[in-house]
Structures are given as structure tokens and as C-alpha cells.
$ cat entry_20.cif   # mmCIF, C-alpha atoms and all ligand atoms
data_my_file
#
loop_
_atom_site.group_PDB
_atom_site.id
_atom_site.type_symbol
_atom_site.label_atom_id
_atom_site.label_comp_id
_atom_site.auth_asym_id
_atom_site.auth_seq_id
_atom_site.Cartn_x
_atom_site.Cartn_y
_atom_site.Cartn_z
ATOM 1 C CA MET R 1 2.915 -4.308 -18.964
ATOM 2 C CA ALA R 2 2.615 -7.388 -16.756
ATOM 3 C CA VAL R 3 0.642 -8.630 -13.774
ATOM 4 C CA ARG R 4 3.230 -9.372 -11.095
ATOM 5 C CA GLU R 5 3.007 -11.713 -8.078
ATOM 6 C CA ILE R 6 1.904 -9.967 -4.876
ATOM 7 C CA ILE R 7 4.106 -10.887 -1.902
ATOM 8 C CA LYS R 8 2.260 -12.190 1.188
ATOM 9 C CA ILE R 9 3.226 -12.171 4.855
ATOM 10 C CA PRO R 10 5.425 -13.537 6.458
ATOM 11 C CA ASP R 11 7.820 -12.608 3.593
ATOM 12 C CA PRO R 12 10.448 -10.348 5.256
ATOM 13 C CA MET R 13 10.526 -8.175 2.126
ATOM 14 C CA LEU R 14 7.345 -6.506 3.424
ATOM 15 C CA LYS R 15 9.278 -5.159 6.429
ATOM 16 C CA THR R 16 11.850 -3.470 4.191
ATOM 17 C CA VAL R 17 12.155 0.338 4.208
ATOM 18 C CA SER R 18 11.935 1.235 0.503
ATOM 19 C CA LYS R 19 14.553 3.482 -1.127
ATOM 20 C CA PRO R 20 13.696 6.806 -2.836
ATOM 21 C CA ILE R 21 13.592 7.115 -6.621
ATOM 22 C CA GLU R 22 16.524 9.230 -7.861
ATOM 23 C CA ARG R 23 15.397 9.703 -11.517
ATOM 24 C CA VAL R 24 11.998 9.276 -13.192
ATOM 25 C CA GLY R 25 13.014 7.273 -16.269
ATOM 26 C CA ASP R 26 11.382 4.700 -18.536
ATOM 27 C CA ASP R 27 12.129 1.963 -15.984
ATOM 28 C CA VAL R 28 10.048 3.806 -13.358
ATOM 29 C CA HIS R 29 7.184 4.352 -15.811
ATOM 30 C CA ALA R 30 7.214 0.649 -16.745
ATOM 31 C CA LEU R 31 7.187 -0.367 -13.080
ATOM 32 C CA LEU R 32 4.278 1.975 -12.318
ATOM 33 C CA ASP R 33 2.351 0.438 -15.246
ATOM 34 C CA ASP R 34 3.013 -3.085 -13.940
ATOM 35 C CA MET R 35 1.878 -1.987 -10.482
ATOM 36 C CA LEU R 36 -1.389 -0.592 -11.873
ATOM 37 C CA GLN R 37 -2.061 -3.731 -13.921
ATOM 38 C CA THR R 38 -1.320 -5.886 -10.858
ATOM 39 C CA MET R 39 -3.568 -3.755 -8.634
ATOM 40 C CA TYR R 40 -6.504 -3.851 -11.088
ATOM 41 C CA ALA R 41 -6.131 -7.650 -11.447
ATOM 42 C CA ALA R 42 -6.076 -8.265 -7.664
ATOM 43 C CA PRO R 43 -8.433 -6.283 -7.434
ATOM 44 C CA GLY R 44 -7.411 -3.504 -5.127
ATOM 45 C CA ILE R 45 -7.508 0.273 -4.846
ATOM 46 C CA GLY R 46 -3.860 0.782 -3.935
ATOM 47 C CA LEU R 47 -0.474 -0.924 -4.217
ATOM 48 C CA ALA R 48 3.098 -0.181 -3.099
ATOM 49 C CA ALA R 49 6.093 -1.365 -5.152
ATOM 50 C CA VAL R 50 7.447 -3.402 -2.227
ATOM 51 C CA GLN R 51 4.339 -5.610 -2.492
ATOM 52 C CA ILE R 52 5.627 -6.902 -5.841
ATOM 53 C CA GLY R 53 9.145 -7.301 -4.453
ATOM 54 C CA VAL R 54 10.623 -3.937 -5.494
ATOM 55 C CA PRO R 55 11.630 -1.914 -2.394
ATOM 56 C CA ARG R 56 11.430 1.517 -4.065
ATOM 57 C CA ARG R 57 9.222 4.436 -2.952
ATOM 58 C CA LEU R 58 6.464 4.057 -5.563
ATOM 59 C CA VAL R 59 2.684 3.862 -4.981
ATOM 60 C CA VAL R 60 -0.319 3.570 -7.276
ATOM 61 C CA ILE R 61 -3.924 4.268 -6.286
ATOM 62 C CA ASP R 62 -7.246 4.207 -8.133
ATOM 63 C CA LEU R 63 -10.482 4.777 -6.216
ATOM 64 C CA ALA R 64 -12.707 4.675 -9.301
ATOM 65 C CA LYS R 65 -15.636 2.276 -8.980
ATOM 66 C CA GLU R 66 -16.116 -0.653 -11.373
ATOM 67 C CA ASP R 67 -18.630 1.267 -13.507
ATOM 68 C CA GLU R 68 -16.440 4.409 -13.681
ATOM 69 C CA GLU R 69 -13.514 5.370 -15.897
ATOM 70 C CA PRO R 70 -10.178 4.472 -14.234
ATOM 71 C CA GLN R 71 -8.597 7.409 -12.378
ATOM 72 C CA PRO R 72 -5.044 6.153 -11.662
ATOM 73 C CA ILE R 73 -2.767 8.173 -9.393
ATOM 74 C CA ARG R 74 0.984 7.521 -9.677
ATOM 75 C CA LEU R 75 2.999 8.671 -6.636
ATOM 76 C CA ILE R 76 6.823 8.807 -6.583
ATOM 77 C CA ASN R 77 8.555 9.369 -3.219
ATOM 78 C CA PRO R 78 5.272 10.257 -1.466
ATOM 79 C CA GLN R 79 5.447 11.779 2.003
ATOM 80 C CA VAL R 80 2.852 13.094 4.434
ATOM 81 C CA VAL R 81 3.650 16.776 5.132
ATOM 82 C CA TRP R 82 0.585 17.536 7.282
ATOM 83 C CA ALA R 83 -1.997 15.419 9.131
ATOM 84 C CA SER R 84 -5.202 16.506 10.851
ATOM 85 C CA ASP R 85 -5.732 16.110 14.581
ATOM 86 C CA GLU R 86 -9.124 14.678 13.683
ATOM 87 C CA LEU R 87 -9.002 10.888 13.389
ATOM 88 C CA ALA R 88 -11.044 8.465 11.288
ATOM 89 C CA GLU R 89 -11.632 4.726 11.535
ATOM 90 C CA TYR R 90 -11.734 2.418 8.511
ATOM 91 C CA GLU R 91 -11.963 -1.371 8.197
ATOM 92 C CA GLU R 92 -8.758 -2.041 6.288
ATOM 93 C CA GLY R 93 -7.553 -5.018 4.317
ATOM 94 C CA CYS R 94 -4.286 -5.653 2.510
ATOM 95 C CA LEU R 95 -3.417 -7.532 -0.669
ATOM 96 C CA SER R 96 -0.383 -8.930 1.177
ATOM 97 C CA ILE R 97 -2.530 -10.242 4.052
ATOM 98 C CA PRO R 98 -5.462 -12.009 2.329
ATOM 99 C CA GLU R 99 -8.863 -12.244 4.017
ATOM 100 C CA VAL R 100 -7.875 -10.302 7.126
ATOM 101 C CA TYR R 101 -9.825 -7.142 7.890
ATOM 102 C CA ASP R 102 -9.800 -4.959 10.977
ATOM 103 C CA THR R 103 -10.443 -1.397 12.064
ATOM 104 C CA VAL R 104 -7.511 1.014 11.899
ATOM 105 C CA THR R 105 -7.561 4.580 13.202
ATOM 106 C CA ARG R 106 -5.598 7.181 11.221
ATOM 107 C CA PRO R 107 -5.665 10.978 10.709
ATOM 108 C CA ALA R 108 -8.866 11.819 8.810
ATOM 109 C CA GLU R 109 -7.085 14.242 6.441
ATOM 110 C CA VAL R 110 -3.498 14.447 5.187
ATOM 111 C CA LYS R 111 -1.491 16.615 2.820
ATOM 112 C CA VAL R 112 0.864 14.514 0.690
ATOM 113 C CA ARG R 113 3.870 15.775 -1.297
ATOM 114 C CA TYR R 114 5.071 13.537 -4.128
ATOM 115 C CA VAL R 115 6.654 13.554 -7.567
ATOM 116 C CA ASP R 116 4.171 12.813 -10.355
ATOM 117 C CA ALA R 117 4.858 10.690 -13.455
ATOM 118 C CA GLY R 118 5.876 13.844 -15.322
ATOM 119 C CA GLY R 119 8.605 14.516 -12.772
ATOM 120 C CA ASP R 120 6.863 17.504 -11.147
ATOM 121 C CA THR R 121 6.585 17.868 -7.380
ATOM 122 C CA VAL R 122 2.950 18.226 -6.321
ATOM 123 C CA GLU R 123 1.062 18.531 -3.046
ATOM 124 C CA ARG R 124 -2.397 17.038 -2.611
ATOM 125 C CA HIS R 125 -4.944 17.377 0.189
ATOM 126 C CA CYS R 126 -6.591 14.013 0.878
ATOM 127 C CA ASP R 127 -9.609 13.056 2.933
ATOM 128 C CA GLY R 128 -11.988 10.099 3.172
ATOM 129 C CA LEU R 129 -10.915 6.794 1.622
ATOM 130 C CA LEU R 130 -8.057 8.486 -0.274
ATOM 131 C CA ALA R 131 -6.527 9.671 3.008
ATOM 132 C CA THR R 132 -6.801 6.163 4.479
ATOM 133 C CA CYS R 133 -5.422 4.452 1.371
ATOM 134 C CA ILE R 134 -2.481 6.807 0.897
ATOM 135 C CA GLN R 135 -1.436 6.395 4.561
ATOM 136 C CA HIS R 136 -1.765 2.607 4.196
ATOM 137 C CA GLU R 137 0.494 2.694 1.124
ATOM 138 C CA ILE R 138 3.100 5.052 2.612
ATOM 139 C CA ASP R 139 3.209 2.699 5.621
ATOM 140 C CA HIS R 140 4.164 -0.081 3.173
ATOM 141 C CA LEU R 141 7.104 2.055 1.964
ATOM 142 C CA ASP R 142 8.315 2.176 5.590
ATOM 143 C CA GLY R 143 7.892 -1.573 6.110
ATOM 144 C CA ILE R 144 4.732 -1.099 8.193
ATOM 145 C CA LEU R 145 1.599 -3.235 7.703
ATOM 146 C CA PHE R 146 -1.920 -2.307 8.853
ATOM 147 C CA ILE R 147 -1.782 -5.164 11.393
ATOM 148 C CA ASP R 148 1.100 -3.305 13.071
ATOM 149 C CA HIS R 149 -1.531 -0.748 14.166
ATOM 150 C CA LEU R 150 -3.609 -3.451 15.908
ATOM 151 C CA SER R 151 -3.221 -4.862 19.420
ATOM 152 C CA ARG R 152 -0.293 -7.207 20.045
ATOM 153 C CA LEU R 153 -2.788 -10.035 20.536
ATOM 154 C CA LYS R 154 -4.589 -9.432 17.224
ATOM 155 C CA ARG R 155 -1.344 -8.910 15.300
ATOM 156 C CA GLY R 156 0.158 -12.044 16.857
ATOM 157 C CA ARG R 157 -2.805 -14.172 15.793
ATOM 158 C CA VAL R 158 -2.500 -13.007 12.161
ATOM 159 C CA VAL R 159 1.277 -13.538 11.995
ATOM 160 C CA LYS R 160 0.930 -16.996 13.625
ATOM 161 C CA LYS R 161 -1.783 -18.006 11.111
ATOM 162 C CA PHE R 162 0.260 -17.026 8.050
ATOM 163 C CA THR R 163 3.558 -18.364 9.441
ATOM 164 C CA LYS R 164 1.908 -21.762 10.069
ATOM 165 C CA ALA R 165 0.372 -21.772 6.577
ATOM 166 C CA ALA R 166 3.732 -20.910 4.994
ATOM 167 C CA ARG R 167 5.467 -23.711 6.955
ATOM 168 C CA GLN R 168 2.816 -26.263 5.932
ATOM 169 C CA ALA R 169 3.083 -25.190 2.274
ATOM 170 C CA LYS R 170 6.875 -25.607 2.408
ATOM 171 C CA GLU R 171 6.581 -29.064 4.007
ATOM 172 C CA ALA R 172 4.147 -30.148 1.278
ATOM 173 C CA MET R 173 6.674 -29.306 -1.479
HETATM 174 O O1 LIG R 201 -1.859 -1.919 -0.060
HETATM 175 C C1 LIG R 201 -2.722 -2.748 -0.285
HETATM 176 O O2 LIG R 201 -2.671 -3.916 0.153
HETATM 177 C C2 LIG R 201 -3.904 -2.324 -1.092
HETATM 178 C C3 LIG R 201 -5.129 -2.161 -0.257
HETATM 179 C C4 LIG R 201 -5.305 -0.677 -0.081
HETATM 180 C C5 LIG R 201 -6.252 -0.249 0.990
HETATM 181 C C6 LIG R 201 -6.225 -0.821 2.230
HETATM 182 C C7 LIG R 201 -7.089 -0.356 3.213
HETATM 183 C C8 LIG R 201 -7.964 0.670 2.960
HETATM 184 C C9 LIG R 201 -7.971 1.229 1.716
HETATM 185 C C10 LIG R 201 -7.103 0.778 0.737
HETATM 186 C C11 LIG R 201 -6.137 -2.985 -1.024
HETATM 187 O O3 LIG R 201 -6.745 -2.248 -1.990
HETATM 188 S S1 LIG R 201 -7.177 -3.890 0.033
HETATM 189 C C12 LIG R 201 -8.646 -4.075 -0.749
HETATM 190 C C13 LIG R 201 -9.593 -2.954 -0.458
HETATM 191 C C14 LIG R 201 -10.418 -2.563 -1.448
HETATM 192 C C15 LIG R 201 -11.335 -1.550 -1.200
HETATM 193 C C16 LIG R 201 -11.396 -0.918 0.033
HETATM 194 C C17 LIG R 201 -10.553 -1.329 1.022
HETATM 195 C C18 LIG R 201 -9.640 -2.361 0.788
HETATM 196 ZN ZN ZN R 202 -1.515 -3.273 2.050
#
$ encode --input "entry_20.cif" --output "C-alpha cells"
Amino acid sequence: MAVREIIKIPDPMLKTVSKPIERVGDDVHALLDDMLQTMYAAPGIGLAAVQIGVPRRLVVIDLAKEDEEPQPIRLINPQVVWASDELAEYEEGCLSIPEVYDTVTRPAEVKVRYVDAGGDTVERHCDGLLATCIQHEIDHLDGILFIDHLSRLKRGRVVKKFTKAARQAKEAM
């Protein structure tokens, strides 16, 4: 297992649409383990494979609090199969967009179908923070960032800030 580098905007990799997993082999299990180790080290409560530079449809989530036993969820080819009409707001952040937080509105409840680490197809009803997190992560698999749900003005400010920082870092090399 290894802690991998988390890609930050404006890396174009984050806009990639990730490809489905065809076979759940040892390589997939190893990648999921690296993703969990990377997420715990960040720290975060979710991570998509594209955030460590692997555009494959893999997500890990763990909502357990610091003083609780870890409760990792490994999701292969996750997809939302039902979403409530009821909406919920949550102040989101993103490990690929450090120190930026803003309110995003999403369906309050979703039903997600995915393949688990054992290769079985499961469906899970999600609400609360799990519903928010899983939608945030599935967005990553489609090359969508939480700032894409904000106003053009707000999104533009964030992209401009990180693009300028990336240019200055390159010039300093
Ligand atoms: O995908 C990511 O960047 C991981 C996010 C997942 C997340 C974003 C918004 C709302 C819920 C989950 C990181 O875990 S951001 C850090 C964080 C930690 C606790 C609660 C919210 C955000
Ligand atoms: Zn994110």
C-alpha cells in the first residue's frame, strides 16, 4: 500500500471521464488500498481514482469519525440509479481544490448501484453526508468538480486563483 499524490486543479486530468473496470483483479484491489491510504492521510472522507491520476471508475469512502473504527466502502463502477426530488445543501470541499469551500445543492437521497470488492453487484440507499459524498465522488468519475455546480463568477474566481498559482510555481522552477 502507498500514499499517492493527489492531483490539484488546474490539472486537466480532473476533467477526464473515467473508464469502467472490466475485471476485479488484484490490481484493482491494490489500487483501492492505495486510494484508502491516500484518503486517510489527506485526511478526507472520500476519494476517486482520477484524483490520484488513474481515470478508472473507482471510489473509496469512509465516514467514520476519528475516534471510531474505520468503515471503508469500496465502490467499483458506481452509478446513481434513483435520486430524490428532495434537495439538500452541504458546504463541500475537495482534496483537489485545497482550502475552497462552498455550498452545493444535491438530491438529499440517492440509490447507488456498484460492484463491491468481492465482485458482487449491490444497491445501497444513501442519505445525509453519505449521499452528498457519493454524488461528489461520482461527479469526479465524470470529470465534474463541485465548483462546476457554483455560479460562473464563483467558479471563475477559483480557477483563476489556481491557474495563477500554478503559473507562478512553474516560473519559479
Ligand atoms: O473527493 C474529494 O475531494 C474528497 C472530499 C469528499 C467530500 C466532499 C464534500 C462533501 C463530502 C465529502 C473530501 O473528503 S473533502 C474534505 C471533507 C471532509 C469532511 C467533510 C466534508 C469534506
Ligand atoms: Zn473532490
$ closest_residue --input "entry_20.cif" --among "R:Val60, R:Cys126, R:Leu75, R:Ala117" --to "ligand LIG 201 (chain R)" --atoms "all atoms listed in the file"
R:Val60
$ resolve_selection --input "entry_20.cif" --expression "the PyMOL selection byres (((not hetatm)) within 8 of (chain R and resi 202))" --output "ChimeraX atom specification"
/R:46-48,51,93-97,136-137,140,145-146
$ axis_aligned_box --input "entry_20.cif" --around "ligand LIG 201 (chain R)" --padding-each-side "8 Å" --output "JSON"
{"center_x": -6.6, "center_y": -1.4, "center_z": 0.6, "size_x": 25.5, "size_y": 21.3, "size_z": 21.2}
$ residues_near_point --input "entry_20.cif" --point "(-5.2, 8.7, 11.1)" --cutoff "7 Å" --atoms "all atoms listed in the file" --output "JSON, numbers by chain"
{"R": [87, 88, 105, 106, 107, 108]}
$ residues_around --input "entry_20.cif" --residues "Thr38 of chain R" --least-positions-apart "6" --cutoff "8 Å" --atoms "all atoms listed in the file" --output "PyMOL selection string"
chain R and resi 2-6
$ residues_around --input "entry_20.cif" --residues "Val80 of chain R" --least-positions-apart "3" --cutoff "9 Å" --atoms "all atoms listed in the file" --output "list in words"
Ala83, Val110, Lys111, Val112, Arg113, Tyr114, Ile134, Gln135 and Ile138 of chain R
$ closest_residue --input "entry_20.cif" --among "R:Asp62, R:Asp148, R:Glu123, R:Glu68" --to "ligand LIG 201 (chain R)" --atoms "all atoms listed in the file"
R:Asp62
$ atom_distance --input "entry_20.cif" --atom1 "atom CA of Ile52 of chain R" --atom2 "atom CA of Gly118 of chain R"
22.8 Å
$ atom_distance --input "entry_20.cif" --atom1 "atom C8 of ligand LIG 201 (chain R)" --atom2 "atom CA of Thr132 of chain R"
5.8 Å
$ atom_distance --input "entry_20.cif" --atom1 "atom CA of Gln37 of chain R" --atom2 "atom CA of Val59 of chain R"
12.7 Å
$ closest_residue --input "entry_20.cif" --among "R:Arg57, R:Lys15, R:Lys65, R:Arg23" --to "ligand LIG 201 (chain R)" --atoms "only C-alpha atoms and all ligand atoms"
R:Lys65
$ closest_residue --input "entry_20.cif" --among "R:Glu109, R:Lys154, R:Asp116, R:Asp26" --to "Ile73 of chain R" --atoms "all atoms listed in the file"
R:Asp116
$ decode --input "entry_20.cif" --residues "segment 24-51 of chain R" --atoms "N, CA, C and O atoms" --output "CSV table (one decimal), in the first residue's frame"
chain,number,residue,atom,x,y,z
R,24,VAL,N,-12.4,-7.4,-11.7
R,24,VAL,CA,-12.0,-7.0,-10.4
R,24,VAL,C,-10.8,-8.0,-10.0
R,24,VAL,O,-11.0,-9.1,-9.4
R,25,GLY,N,-9.6,-7.6,-10.3
R,25,GLY,CA,-8.4,-8.4,-10.1
R,25,GLY,C,-7.6,-7.8,-9.0
R,25,GLY,O,-8.0,-6.8,-8.3
R,26,ASP,N,-6.4,-8.4,-8.8
R,26,ASP,CA,-5.5,-8.0,-7.7
R,26,ASP,C,-5.1,-6.5,-7.9
R,26,ASP,O,-4.9,-5.8,-7.0
R,27,ASP,N,-5.0,-6.1,-9.2
R,27,ASP,CA,-4.5,-4.7,-9.5
R,27,ASP,C,-5.6,-3.7,-9.0
R,27,ASP,O,-5.2,-2.7,-8.4
R,28,VAL,N,-6.9,-4.1,-9.1
R,28,VAL,CA,-7.9,-3.2,-8.6
R,28,VAL,C,-7.9,-3.2,-7.1
R,28,VAL,O,-8.1,-2.1,-6.5
R,29,HIS,N,-7.7,-4.3,-6.5
R,29,HIS,CA,-7.7,-4.3,-5.0
R,29,HIS,C,-6.5,-3.5,-4.5
R,29,HIS,O,-6.7,-2.7,-3.5
R,30,ALA,N,-5.4,-3.6,-5.2
R,30,ALA,CA,-4.2,-2.8,-4.7
R,30,ALA,C,-4.5,-1.3,-4.9
R,30,ALA,O,-4.1,-0.5,-4.0
R,31,LEU,N,-5.1,-1.0,-6.0
R,31,LEU,CA,-5.4,0.5,-6.2
R,31,LEU,C,-6.4,1.0,-5.2
R,31,LEU,O,-6.2,2.1,-4.7
R,32,LEU,N,-7.4,0.2,-4.9
R,32,LEU,CA,-8.4,0.6,-3.9
R,32,LEU,C,-7.7,0.8,-2.5
R,32,LEU,O,-8.0,1.7,-1.8
R,33,ASP,N,-6.7,-0.1,-2.2
R,33,ASP,CA,-6.0,0.1,-0.9
R,33,ASP,C,-5.2,1.3,-0.9
R,33,ASP,O,-5.1,2.1,0.1
R,34,ASP,N,-4.5,1.6,-2.1
R,34,ASP,CA,-3.7,2.9,-2.1
R,34,ASP,C,-4.6,4.1,-2.0
R,34,ASP,O,-4.3,5.1,-1.3
R,35,MET,N,-5.8,4.0,-2.6
R,35,MET,CA,-6.8,5.1,-2.5
R,35,MET,C,-7.2,5.4,-1.1
R,35,MET,O,-7.3,6.5,-0.6
R,36,LEU,N,-7.5,4.3,-0.4
R,36,LEU,CA,-7.9,4.4,1.1
R,36,LEU,C,-6.7,5.0,1.9
R,36,LEU,O,-7.0,5.9,2.7
R,37,GLN,N,-5.5,4.5,1.7
R,37,GLN,CA,-4.4,5.0,2.5
R,37,GLN,C,-4.2,6.5,2.2
R,37,GLN,O,-3.9,7.3,3.1
R,38,THR,N,-4.3,6.9,0.9
R,38,THR,CA,-4.2,8.3,0.5
R,38,THR,C,-5.3,9.2,1.1
R,38,THR,O,-5.0,10.3,1.6
R,39,MET,N,-6.5,8.6,1.1
R,39,MET,CA,-7.6,9.4,1.6
R,39,MET,C,-7.4,9.6,3.1
R,39,MET,O,-7.6,10.7,3.6
R,40,TYR,N,-7.1,8.5,3.9
R,40,TYR,CA,-6.9,8.7,5.3
R,40,TYR,C,-5.8,9.7,5.6
R,40,TYR,O,-5.9,10.5,6.6
R,41,ALA,N,-4.7,9.7,4.8
R,41,ALA,CA,-3.5,10.6,5.1
R,41,ALA,C,-3.9,12.0,4.8
R,41,ALA,O,-3.2,12.9,5.3
R,42,ALA,N,-4.9,12.3,3.9
R,42,ALA,CA,-5.1,13.6,3.4
R,42,ALA,C,-5.4,14.7,4.6
R,42,ALA,O,-4.8,15.7,4.6
R,43,PRO,N,-6.4,14.5,5.5
R,43,PRO,CA,-7.4,13.4,5.5
R,43,PRO,C,-8.6,13.8,4.8
R,43,PRO,O,-8.9,15.0,4.5
R,44,GLY,N,-9.4,12.8,4.4
R,44,GLY,CA,-10.6,13.1,3.7
R,44,GLY,C,-11.6,12.0,4.0
R,44,GLY,O,-11.3,11.0,4.7
R,45,ILE,N,-12.8,12.1,3.5
R,45,ILE,CA,-13.9,11.1,3.7
R,45,ILE,C,-14.3,10.4,2.4
R,45,ILE,O,-15.1,9.5,2.4
R,46,GLY,N,-13.6,10.8,1.3
R,46,GLY,CA,-13.9,10.2,0.1
R,46,GLY,C,-12.8,10.5,-0.9
R,46,GLY,O,-12.0,11.4,-0.7
R,47,LEU,N,-12.6,9.6,-1.9
R,47,LEU,CA,-11.6,9.8,-2.9
R,47,LEU,C,-12.0,9.1,-4.2
R,47,LEU,O,-12.5,7.9,-4.1
R,48,ALA,N,-11.8,9.7,-5.4
R,48,ALA,CA,-12.0,9.0,-6.6
R,48,ALA,C,-10.6,8.7,-7.3
R,48,ALA,O,-9.7,9.5,-7.1
R,49,ALA,N,-10.5,7.6,-8.0
R,49,ALA,CA,-9.2,7.2,-8.5
R,49,ALA,C,-8.6,8.3,-9.4
R,49,ALA,O,-7.4,8.4,-9.4
R,50,VAL,N,-9.4,9.0,-10.1
R,50,VAL,CA,-8.9,10.1,-11.0
R,50,VAL,C,-8.1,11.1,-10.2
R,50,VAL,O,-7.2,11.7,-10.7
R,51,GLN,N,-8.4,11.2,-9.0
R,51,GLN,CA,-7.7,12.2,-8.1
R,51,GLN,C,-6.2,11.8,-7.8
R,51,GLN,O,-5.4,12.7,-7.4
